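Asks: Structure: input.tsv, TSV, C-alpha atoms and all ligand atoms.
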```tsv
chain	number	residue	atom	x	y	z
A	1	MET	CA	54.79	90.78	145.00
A	2	ALA	CA	52.08	93.27	145.81
A	3	THR	CA	50.07	94.28	148.85
A	4	GLY	CA	46.41	93.28	149.03
A	5	TYR	CA	43.83	95.88	150.00
A	6	LEU	CA	40.28	94.99	150.94
A	7	TRP	CA	37.36	97.40	151.24
A	8	HIS	CA	33.65	97.28	150.44
A	9	GLU	CA	31.20	100.17	150.24
A	10	LEU	CA	28.88	98.36	152.66
A	11	PHE	CA	31.47	98.78	155.43
A	12	GLY	CA	30.59	102.48	155.28
A	13	TRP	CA	26.91	101.59	155.61
A	14	HIS	CA	27.24	99.84	159.00
A	15	ASP	CA	24.83	102.11	160.85
A	16	THR	CA	25.68	103.16	164.40
A	17	GLY	CA	22.89	105.73	164.27
A	18	THR	CA	22.43	109.16	165.72
A	19	ASN	CA	24.19	109.13	169.03
A	20	THR	CA	26.10	111.41	171.34
A	21	GLY	CA	29.46	109.69	170.96
A	22	LEU	CA	28.66	106.71	173.15
A	23	PHE	CA	25.11	107.33	174.30
A	24	PRO	CA	21.73	107.47	172.61
A	25	ALA	CA	20.70	111.09	172.26
A	26	ASN	CA	18.59	112.22	175.22
A	27	PRO	CA	17.45	115.84	175.43
A	28	ALA	CA	16.42	115.48	179.07
A	29	ALA	CA	19.98	114.41	179.91
A	30	GLY	CA	21.52	117.13	177.79
A	31	LEU	CA	22.66	114.69	175.10
A	32	GLN	CA	22.23	116.44	171.76
A	33	PRO	CA	22.03	114.07	168.77
A	34	LEU	CA	25.28	113.79	166.78
A	35	GLN	CA	27.24	110.76	165.58
A	36	HIS	CA	28.57	107.67	167.32
A	37	PHE	CA	32.33	107.74	167.89
A	38	GLU	CA	32.42	104.62	165.73
A	39	ASN	CA	31.01	106.21	162.59
A	40	ALA	CA	31.69	105.65	158.91
A	41	GLU	CA	33.84	108.75	158.39
A	42	THR	CA	36.93	107.41	160.14
A	43	LYS	CA	37.05	104.53	157.66
A	44	THR	CA	35.56	105.95	154.44
A	45	ARG	CA	38.00	108.87	154.60
A	46	MET	CA	40.93	106.47	154.89
A	47	ASN	CA	39.67	104.66	151.81
A	48	SER	CA	39.26	108.02	150.08
A	49	LEU	CA	42.87	109.00	150.80
A	50	VAL	CA	44.14	105.64	149.58
A	51	GLY	CA	42.34	106.41	146.32
A	52	ALA	CA	43.11	110.13	146.07
A	53	SER	CA	46.82	109.61	146.82
A	54	GLY	CA	47.17	107.22	143.88
A	55	LEU	CA	48.29	104.40	146.16
A	56	LEU	CA	45.30	102.25	145.17
A	57	GLU	CA	46.84	101.76	141.72
A	58	HIS	CA	49.80	100.04	143.38
A	59	LEU	CA	47.68	97.65	145.47
A	60	VAL	CA	45.85	94.44	144.59
A	61	GLN	CA	42.19	94.97	145.40
A	62	LEU	CA	40.61	92.04	147.22
A	63	SER	CA	36.83	91.51	147.44
A	64	PRO	CA	35.19	90.30	150.63
A	65	ARG	CA	32.61	87.55	150.86
A	66	PRO	CA	30.24	86.94	153.77
A	67	ALA	CA	31.59	84.58	156.41
A	68	THR	CA	29.43	81.47	156.65
A	69	ASP	CA	27.66	80.40	159.82
A	70	ASP	CA	30.20	77.61	160.25
A	71	GLU	CA	33.06	80.10	160.01
A	72	LEU	CA	31.49	82.41	162.61
A	73	LEU	CA	30.78	79.44	164.87
A	74	ARG	CA	34.45	78.44	164.94
A	75	VAL	CA	34.84	81.39	167.34
A	76	HIS	CA	31.39	82.42	168.53
A	77	ALA	CA	28.63	80.73	170.50
A	78	ARG	CA	25.57	79.95	168.39
A	79	GLN	CA	23.43	81.98	170.77
A	80	HIS	CA	25.49	85.14	169.99
A	81	VAL	CA	25.31	84.63	166.21
A	82	GLU	CA	21.56	83.97	166.34
A	83	ARG	CA	20.86	87.00	168.52
A	84	ILE	CA	22.71	89.30	166.10
A	85	ARG	CA	20.83	87.72	163.18
A	86	GLU	CA	17.47	88.23	164.91
A	87	GLU	CA	18.10	91.82	166.02
A	88	SER	CA	19.36	92.64	162.54
A	89	GLU	CA	15.85	91.86	161.26
A	90	LEU	CA	14.29	94.51	163.51
A	91	PRO	CA	13.36	97.78	161.78
A	92	LYS	CA	16.01	99.71	163.73
A	93	GLY	CA	18.50	96.90	164.30
A	94	GLY	CA	20.01	96.12	167.70
A	95	ASP	CA	23.15	96.18	169.82
A	96	ALA	CA	26.19	93.90	169.73
A	97	GLY	CA	26.03	93.26	173.45
A	98	ASP	CA	27.05	96.06	175.82
A	99	GLY	CA	24.62	98.85	174.98
A	100	PHE	CA	27.39	100.97	173.37
A	101	SER	CA	27.62	99.00	170.14
A	102	PRO	CA	24.53	99.68	168.02
A	103	PHE	CA	23.98	98.31	164.53
A	104	GLY	CA	21.22	99.08	162.08
A	105	HIS	CA	18.74	96.97	160.19
A	106	GLY	CA	20.70	94.46	158.11
A	107	GLY	CA	23.79	94.89	160.26
A	108	PHE	CA	24.27	91.13	160.51
A	109	GLU	CA	25.06	90.93	156.80
A	110	ILE	CA	27.62	93.74	157.01
A	111	ALA	CA	29.25	92.21	160.10
A	112	ARG	CA	29.63	88.87	158.41
A	113	LEU	CA	31.05	90.57	155.32
A	114	ALA	CA	33.71	92.12	157.59
A	115	ALA	CA	34.56	88.73	159.09
A	116	GLY	CA	34.63	87.18	155.63
A	117	GLY	CA	36.87	90.02	154.46
A	118	ALA	CA	39.42	89.09	157.10
A	119	ILE	CA	39.28	85.49	155.88
A	120	VAL	CA	39.77	86.50	152.23
A	121	ALA	CA	42.74	88.73	153.08
A	122	ALA	CA	44.38	86.06	155.23
A	123	GLU	CA	43.94	83.42	152.51
A	124	ALA	CA	45.37	85.75	149.86
A	125	VAL	CA	48.53	86.11	151.94
A	126	MET	CA	48.85	82.42	152.78
A	127	SER	CA	48.34	81.37	149.14
A	128	GLY	CA	50.97	83.81	147.93
A	129	GLU	CA	48.48	85.77	145.82
A	130	VAL	CA	49.81	88.85	147.66
A	131	ALA	CA	52.85	89.44	149.87
A	132	ASN	CA	50.82	91.01	152.66
A	133	ALA	CA	47.37	92.55	153.02
A	134	TYR	CA	45.32	95.21	154.78
A	135	ALA	CA	41.60	94.56	155.33
A	136	LEU	CA	39.85	97.89	155.88
A	137	ILE	CA	36.76	96.30	157.40
A	138	ARG	CA	33.94	97.59	159.60
A	139	PRO	CA	32.48	96.90	162.15
A	140	PRO	CA	35.72	96.22	164.04
A	141	GLY	CA	36.28	92.94	165.87
A	142	HIS	CA	38.95	92.66	168.56
A	143	HIS	CA	36.65	93.26	171.57
A	144	ALA	CA	34.08	90.64	170.53
A	145	THR	CA	34.47	87.57	172.73
A	146	PRO	CA	33.18	84.10	171.86
A	147	ASP	CA	29.96	84.86	173.77
A	148	THR	CA	29.17	88.48	172.97
A	149	GLY	CA	29.91	91.60	170.99
A	150	MET	CA	31.12	94.71	172.81
A	151	GLY	CA	33.17	97.86	172.34
A	152	PHE	CA	31.64	98.56	168.90
A	153	CYS	CA	32.61	95.04	167.74
A	154	VAL	CA	30.06	92.45	166.55
A	155	PHE	CA	32.14	89.46	165.44
A	156	SER	CA	35.82	88.82	166.19
A	157	ASN	CA	37.03	89.29	162.61
A	158	LEU	CA	40.74	88.58	163.10
A	159	ALA	CA	40.10	85.58	165.36
A	160	ILE	CA	37.68	84.15	162.79
A	161	ALA	CA	40.36	84.48	160.10
A	162	ALA	CA	42.94	82.80	162.34
A	163	ARG	CA	40.62	79.90	163.17
A	164	HIS	CA	39.84	79.56	159.45
A	165	LEU	CA	43.53	79.25	158.56
A	166	GLN	CA	43.94	76.57	161.24
A	167	ALA	CA	40.78	74.65	160.32
A	168	THR	CA	41.69	74.56	156.63
A	169	ASP	CA	45.33	73.62	157.27
A	170	GLN	CA	46.65	76.82	155.72
A	171	ALA	CA	48.55	77.73	158.89
A	172	SER	CA	48.81	76.32	162.39
A	173	ARG	CA	51.13	78.68	164.30
A	174	ILE	CA	49.78	82.22	164.21
A	175	ALA	CA	50.93	85.39	165.98
A	176	VAL	CA	48.58	88.29	166.67
A	177	VAL	CA	49.96	91.79	167.26
A	178	ASP	CA	47.27	94.22	168.45
A	179	TRP	CA	48.34	97.87	168.43
A	180	ASP	CA	44.83	99.27	168.91
A	181	VAL	CA	44.97	101.50	172.00
A	182	HIS	CA	42.37	99.35	173.74
A	183	HIS	CA	42.97	95.83	175.03
A	184	GLY	CA	42.39	93.08	172.46
A	185	ASN	CA	40.30	91.17	174.98
A	186	GLY	CA	38.12	89.28	172.50
A	187	THR	CA	41.06	87.92	170.54
A	188	GLN	CA	42.83	87.02	173.77
A	189	ALA	CA	39.75	85.21	175.11
A	190	THR	CA	39.41	83.18	171.91
A	191	PHE	CA	42.97	81.85	172.11
A	192	TRP	CA	43.38	81.86	175.91
A	193	GLU	CA	44.19	78.15	176.05
A	194	ASP	CA	45.60	77.72	172.53
A	195	PRO	CA	49.39	77.20	172.50
A	196	ASP	CA	49.48	77.69	168.72
A	197	VAL	CA	48.25	81.30	168.73
A	198	LEU	CA	50.37	83.99	170.37
A	199	THR	CA	48.41	87.13	171.23
A	200	ILE	CA	50.30	90.35	171.99
A	201	SER	CA	48.25	93.41	172.92
A	202	VAL	CA	49.94	96.81	173.27
A	203	HIS	CA	47.39	99.17	174.77
A	204	GLN	CA	46.88	102.09	177.12
A	205	ASP	CA	46.69	100.85	180.69
A	206	ASN	CA	43.13	100.22	181.82
A	207	VAL	CA	41.07	102.10	179.26
A	208	PHE	CA	38.73	99.57	177.68
A	209	PRO	CA	37.38	97.16	178.67
A	210	PRO	CA	37.67	98.28	182.29
A	211	ASN	CA	40.08	96.14	184.33
A	212	SER	CA	41.24	94.21	181.28
A	213	GLY	CA	44.70	93.66	179.78
A	214	ALA	CA	46.92	93.65	182.86
A	215	MET	CA	50.33	92.08	182.49
A	216	ASP	CA	49.40	89.11	184.66
A	217	GLU	CA	46.90	87.94	182.01
A	218	GLN	CA	49.15	85.39	180.28
A	219	GLY	CA	46.93	82.58	179.00
A	220	ALA	CA	46.03	79.31	180.67
A	221	GLY	CA	46.41	75.57	180.35
A	222	ALA	CA	48.31	74.58	177.23
A	223	GLY	CA	48.23	78.25	176.21
A	224	SER	CA	49.92	79.45	179.37
A	225	GLY	CA	52.47	82.12	178.45
A	226	THR	CA	51.09	82.73	174.95
A	227	ALA	CA	49.13	85.86	175.89
A	228	ILE	CA	51.32	88.93	176.35
A	229	ASN	CA	49.92	92.27	177.49
A	230	VAL	CA	51.78	95.58	177.46
A	231	PRO	CA	49.64	98.14	179.31
A	232	LEU	CA	51.43	101.40	178.52
A	233	PRO	CA	50.87	104.46	180.73
A	234	ALA	CA	48.71	107.26	179.35
A	235	GLY	CA	50.81	109.79	177.46
A	236	SER	CA	53.01	107.23	175.69
A	237	GLY	CA	54.36	108.38	172.35
A	238	VAL	CA	56.43	107.11	169.45
A	239	GLY	CA	59.49	106.45	171.63
A	240	ALA	CA	57.55	104.14	173.94
A	241	TYR	CA	55.93	102.26	171.06
A	242	LEU	CA	59.23	101.71	169.24
A	243	GLU	CA	60.76	100.42	172.48
A	244	VAL	CA	57.85	97.99	172.99
A	245	PHE	CA	58.33	96.60	169.52
A	246	LYS	CA	62.10	96.32	169.96
A	247	ARG	CA	62.05	94.81	173.45
A	248	VAL	CA	58.80	92.82	173.53
A	249	VAL	CA	56.97	92.33	170.24
A	250	VAL	CA	59.85	91.37	167.96
A	251	PRO	CA	61.61	89.13	170.53
A	252	ALA	CA	58.29	87.35	171.20
A	253	LEU	CA	57.73	86.83	167.48
A	254	ASP	CA	61.29	85.50	167.11
A	255	ALA	CA	60.71	83.06	169.95
A	256	PHE	CA	57.30	81.92	168.72
A	257	GLU	CA	58.19	81.49	165.02
A	258	PRO	CA	54.72	82.03	163.52
A	259	GLU	CA	53.70	81.10	159.98
A	260	ILE	CA	51.83	84.40	159.61
A	261	ILE	CA	51.51	87.60	161.66
A	262	LEU	CA	48.01	89.01	162.00
A	263	VAL	CA	47.79	92.64	163.12
A	264	ALA	CA	44.77	94.21	164.82
A	265	SER	CA	45.35	97.69	163.43
A	266	GLY	CA	43.57	100.39	165.37
A	267	PHE	CA	44.76	103.98	165.01
A	268	ASP	CA	43.27	105.17	168.30
A	269	ALA	CA	46.69	105.47	169.96
A	270	SER	CA	47.17	108.53	167.75
A	271	ALA	CA	47.74	111.96	169.21
A	272	ALA	CA	44.40	113.10	167.77
A	273	ASP	CA	42.12	110.38	169.14
A	274	PRO	CA	39.15	111.26	171.36
A	275	LEU	CA	38.96	107.84	173.06
A	276	ALA	CA	42.46	107.50	174.52
A	277	ARG	CA	45.44	109.54	175.64
A	278	GLN	CA	48.44	108.37	173.66
A	279	MET	CA	50.57	110.33	171.18
A	280	MET	CA	51.33	108.08	168.21
A	281	THR	CA	51.89	109.61	164.79
A	282	ALA	CA	51.49	108.37	161.23
A	283	GLY	CA	55.28	108.21	161.01
A	284	GLY	CA	55.32	106.13	164.18
A	285	TYR	CA	52.90	103.60	162.70
A	286	ARG	CA	55.09	103.48	159.59
A	287	GLN	CA	58.07	102.53	161.78
A	288	LEU	CA	56.08	99.86	163.63
A	289	THR	CA	55.04	98.40	160.28
A	290	ASP	CA	58.66	98.38	159.08
A	291	SER	CA	59.68	96.52	162.22
A	292	LEU	CA	56.97	93.90	161.70
A	293	LEU	CA	57.98	93.53	158.03
A	294	ASP	CA	61.58	92.87	159.10
A	295	ALA	CA	60.39	90.21	161.54
A	296	ALA	CA	58.00	88.67	159.04
A	297	ASN	CA	60.67	88.51	156.33
A	298	ARG	CA	62.96	86.73	158.76
A	299	LEU	CA	60.34	84.36	160.20
A	300	CYS	CA	57.50	83.66	157.80
A	301	GLY	CA	58.14	84.72	154.23
A	302	GLY	CA	56.97	88.27	154.92
A	303	ARG	CA	53.40	87.15	155.59
A	304	ILE	CA	51.41	89.86	157.40
A	305	MET	CA	47.66	90.48	157.32
A	306	MET	CA	46.15	93.48	159.09
A	307	THR	CA	42.52	93.96	160.05
A	308	HIS	CA	41.29	97.49	160.72
A	309	GLU	CA	40.04	98.03	164.28
A	310	GLY	CA	39.48	101.35	166.11
A	311	GLY	CA	40.61	104.91	165.43
A	312	TYR	CA	38.18	107.77	165.97
A	313	SER	CA	39.79	110.88	164.52
A	314	PRO	CA	38.26	111.32	161.07
A	315	VAL	CA	40.98	113.75	160.06
A	316	TYR	CA	44.01	111.77	161.28
A	317	VAL	CA	43.16	108.09	160.82
A	318	PRO	CA	43.52	108.43	157.01
A	319	PHE	CA	47.14	109.59	157.33
A	320	CYS	CA	47.97	106.77	159.77
A	321	GLY	CA	46.40	104.23	157.43
A	322	LEU	CA	48.18	105.63	154.39
A	323	ALA	CA	51.54	105.44	156.18
A	324	VAL	CA	50.97	101.78	157.08
A	325	LEU	CA	49.87	100.90	153.55
A	326	GLU	CA	52.86	102.74	152.09
A	327	ALA	CA	55.15	100.71	154.34
A	328	LEU	CA	53.45	97.41	153.53
A	329	SER	CA	53.59	98.06	149.78
A	330	GLY	CA	56.96	99.79	149.66
A	331	HIS	CA	55.45	102.59	147.59
A	332	ARG	CA	55.59	106.23	148.71
A	333	THR	CA	52.86	108.48	147.36
A	334	GLY	CA	54.52	111.77	148.21
A	335	ILE	CA	51.66	112.71	150.53
A	336	GLU	CA	53.22	113.86	153.81
A	337	ASP	CA	51.48	113.88	157.19
A	338	PRO	CA	50.53	117.55	157.63
A	339	PHE	CA	50.07	117.08	161.38
A	340	ASP	CA	53.54	115.69	161.95
A	341	PRO	CA	55.28	119.00	162.78
A	342	ILE	CA	52.77	119.49	165.59
A	343	PHE	CA	52.31	115.97	166.97
A	344	SER	CA	55.98	114.98	166.76
A	345	GLY	CA	56.85	118.10	168.72
A	346	PHE	CA	54.73	117.14	171.72
A	347	ALA	CA	56.77	116.92	174.90
A	348	GLY	CA	57.24	113.32	176.00
A	349	GLN	CA	57.36	111.74	172.54
A	350	ASP	CA	60.62	110.05	173.51
A	351	LEU	CA	60.70	107.10	175.91
A	352	GLN	CA	60.03	108.13	179.52
A	353	PRO	CA	61.40	106.28	182.58
A	354	HIS	CA	57.97	105.20	183.90
A	355	GLN	CA	57.14	103.78	180.45
A	356	ALA	CA	60.49	101.97	180.29
A	357	GLU	CA	59.68	100.23	183.59
A	358	VAL	CA	56.53	98.70	182.15
A	359	ILE	CA	58.31	97.68	178.95
A	360	GLU	CA	61.13	96.10	180.95
A	361	ALA	CA	58.63	93.93	182.82
A	362	ALA	CA	56.88	92.93	179.60
A	363	ALA	CA	60.23	92.05	178.01
A	364	GLU	CA	60.54	89.31	180.61
A	365	LEU	CA	57.36	87.72	179.27
A	366	ALA	CA	58.86	87.63	175.78
A	367	ALA	CA	62.09	86.18	177.20
A	368	ARG	CA	60.12	83.50	179.05
A	369	LEU	CA	58.49	82.54	175.74
A	370	ALA	CA	61.94	82.04	174.28
A	371	THR	CA	63.05	79.69	177.05
A	372	GLY	CA	59.74	77.79	176.99
B	1	ZN	ZN	40.35	100.76	170.15
```
Show me this structure written as structure tokens.
Replies:
Amino acid sequence: MATGYLWHELFGWHDTGTNTGLFPANPAAGLQPLQHFENAETKTRMNSLVGASGLLEHLVQLSPRPATDDELLRVHARQHVERIREESELPKGGDAGDGFSPFGHGGFEIARLAAGGAIVAAEAVMSGEVANAYALIRPPGHHATPDTGMGFCVFSNLAIAARHLQATDQASRIAVVDWDVHHGNGTQATFWEDPDVLTISVHQDNVFPPNSGAMDEQGAGAGSGTAINVPLPAGSGVGAYLEVFKRVVVPALDAFEPEIILVASGFDASAADPLARQMMTAGGYRQLTDSLLDAANRLCGGRIMMTHEGGYSPVYVPFCGLAVLEALSGHRTGIEDPFDPIFSGFAGQDLQPHQAEVIEAAAELAARLATG
């Protein structure tokens, strides 16, 4: 069975405007106009490589539809949805909520197409239309909380897909693995008290949001213990990530026994990313994907659906994405990561003692899940 792949040209038209990385251009402050960090290139170039490499011919192309109001409202407060809709009508659009997350005129329609894309991809996996799926959607979603957008995210795409599967009885027990380098705070907030959704976020310690994603954030009420955070030290590389998956992620999945694994796939832990300080490689992401496929085959019929999140190197994100899609589909294109000889040679790519300490502590959270 094949791998589903979802993209729409409009995802490249989500307009974050002229910007100086994070800030509106401001000559008086020395901020020369350029692009926002979250610009179209990091995603359109991944889609281009998927096409140019020939991999697209081995994937099942899925088409997004806009998420309905009811589907958005399963996760978000009505006031948030209405504010985005209203600002989207303004000639120059608005901001998702924190002042760093601009969207252009008509941005509401693109954001709900991204959320609907996550739903379509998740349904295609659950129905057996495809074995697994990758939704290359934009704007990203994992920082958007029920009440507000933030961190370049408008609606919480993955969470909306998960709630949709639950509400339509397509799945009840769902695991979320978030390997974006930033904390998956919005997804975690959505399922904070839900014992049926396990959220695991592997991120760089205290990057974004500030003071979010510490290991003592573990869920509450009936959901107590079903949020796991692995805040890796800056400078973590492939060795640390493989150890996290071996010691924390896979044991937690084994203990939880989900019906589907949803992955918040950001490539901003890469060695080339401007918004974090980790050292992951395309080959590293390939190995993480293989480890999730092993777990999914054992636990839930191989069902994995990934939503695209961050990743801000326009030259490297495409190779990371291609590696993940090659792993998911089992098809190698013959395109090799040209950066690998450099990035894999960085000192500290293997597991370091101070990283192992953090992973050891997080492994106890996975073990606690197993013993209930
Ligand atoms: Zn990120």
Asks: Assuming 8 Å of padding per side, give the centre and edge lengths of the axis-aligned box around every listed atom of region 195-205 of chain A, in Å to one decimal and as JSON.
Replies:
```
{"center_x": 48.5, "center_y": 89.6, "center_z": 174.7, "size_x": 19.7, "size_y": 40.9, "size_z": 28.0}
```
Asks: Counting only C-alpha atoms and all ligand atoms, what are the residues of chain A within 6 Å of ligand ZN 1 (chain B), and for each of them which pair of atoms is the nearest and at what distance in Å, to one decimal? Sort the table by chain and rising number, as a Markdown table.
Replies:
```
| residue | atom | partner | partner_atom | distance |
| --- | --- | --- | --- | --- |
| A:Asp180 | CA | B:ZN1 | ZN | 4.9 |
| A:Val181 | CA | B:ZN1 | ZN | 5.0 |
| A:His182 | CA | B:ZN1 | ZN | 4.4 |
| A:Gly266 | CA | B:ZN1 | ZN | 5.8 |
| A:Asp268 | CA | B:ZN1 | ZN | 5.6 |
| A:Gly310 | CA | B:ZN1 | ZN | 4.2 |
```
Asks: Which one is closest to Asp98 (chain A): A:His143, A:Arg173, A:Lys246, A:His14? Count only C-alpha atoms.
Replies: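 Looking at the shortest contact to Asp98 (chain A), the residue is A:His143.
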Asks: Name the residues in contact with region 112-127 of chain A at a cut-off of 8 Å, using all atoms listed in the file, excluding same-chain residues fewer than 5 positions from it; report them as a VMD selection string.
Replies: chain A and resid 4 to 6 11 62 to 68 72 132 to 135 137 to 140 155 to 158 160 to 162 164 to 165 170 to 171 260 303 to 305 307
Asks: Could you tell me how far CA of Thr148 (chain A) sits from CA of Glu86 (chain A), in Å to one decimal place?
Replies: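 The value is 14.2 Å.
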Asks: For a quick check of understanding, using all atoms listed in the file, which of A:His58, A:His308, A:His203, A:His105 has the smallest distance to Met46 (chain A)?
Replies: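 Smallest distance to Met46 (chain A) is found for A:His308.
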Asks: Here is a test: counting all atoms listed in the file, which residue of A:Leu10, A:Ala271, A:Ala296, A:Leu328 is nearest to Thr44 (chain A)?
Replies: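 Among the listed residues, the smallest separation from Thr44 (chain A) belongs to A:Leu10.
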Asks: Give as a PyMOL selection string each residue that has an atom at most 12 Å from (43.7, 86.4, 184.6) in the file, counting all atoms listed in the file.
Replies: chain A and resi 185+188-189+192-193+211-221+224-225+227-229
Asks: Just to confirm, what's the straight-line distance from CA of Ile261 (chain A) to CA of Thr3 (chain A) in Å (one decimal)?
Replies: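 According to the coordinates, CA of Ile261 (chain A) and CA of Thr3 (chain A) are separated by 14.5 Å.
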Asks: Fewer than 2 positions away in the same chain doesn't count, so skip those; otherwise give me all residues within 7 Å of region 353-370 of chain A, counting all atoms listed in the file, as a CSV table (one decimal) with C-alpha atoms, in the frame of the given file.
Replies:
```csv
chain,number,residue,atom,x,y,z
A,225,GLY,CA,52.5,82.1,178.4
A,228,ILE,CA,51.3,88.9,176.4
A,230,VAL,CA,51.8,95.6,177.5
A,232,LEU,CA,51.4,101.4,178.5
A,233,PRO,CA,50.9,104.5,180.7
A,240,ALA,CA,57.6,104.1,173.9
A,244,VAL,CA,57.8,98.0,173.0
A,247,ARG,CA,62.0,94.8,173.4
A,248,VAL,CA,58.8,92.8,173.5
A,251,PRO,CA,61.6,89.1,170.5
A,252,ALA,CA,58.3,87.4,171.2
A,255,ALA,CA,60.7,83.1,170.0
A,351,LEU,CA,60.7,107.1,175.9
A,372,GLY,CA,59.7,77.8,177.0
```
Asks: For each of A:Phe339, A:Leu299, A:Ala28, A:Gly151, take the minimum atom-to-atom distance to Pro210 (chain A), counting all atoms listed in the file, then give the residue where this is smallest.
Replies: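 Among the listed residues, the smallest separation from Pro210 (chain A) belongs to A:Gly151.
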Asks: Using only C-alpha atoms for the distances, tell me which of A:Gly348, A:Gly184, A:Pro258, A:Pro209 is nearest to Gln278 (chain A).
Replies: A:Gly348
Asks: Which one is closest to Gly302 (chain A): A:Gly12, A:Gly106, A:Pro91, A:Gly128? Count all atoms listed in the file.
Replies: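 Looking only at the distances to Gly302 (chain A), the closest residue turns out to be A:Gly128.
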Asks: Could you state the separation of CA of Ile335 (chain A) and CA of Met306 (chain A) in Å, given to one decimal place?
Replies: 21.8 Å
Asks: If we draw a sphere of 10 Å around (30.2, 92.6, 170.2), which residues have at least one atom in it when counting all atoms listed in the file? Please report them as a ChimeraX atom specification.
Replies: /A:80,84,95-102,139-156,186
Asks: Find the residues near Gly21 (chain A): any atom within 9 Å, counting all atoms listed in the file, skip ones fewer than 3 places away on the same chain, and give them as a list in words.
Replies: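 My reading of the contact set: Thr18, Pro24, Ala25, Pro33, Leu34, Gln35, His36, Phe37 and Glu38 of chain A.
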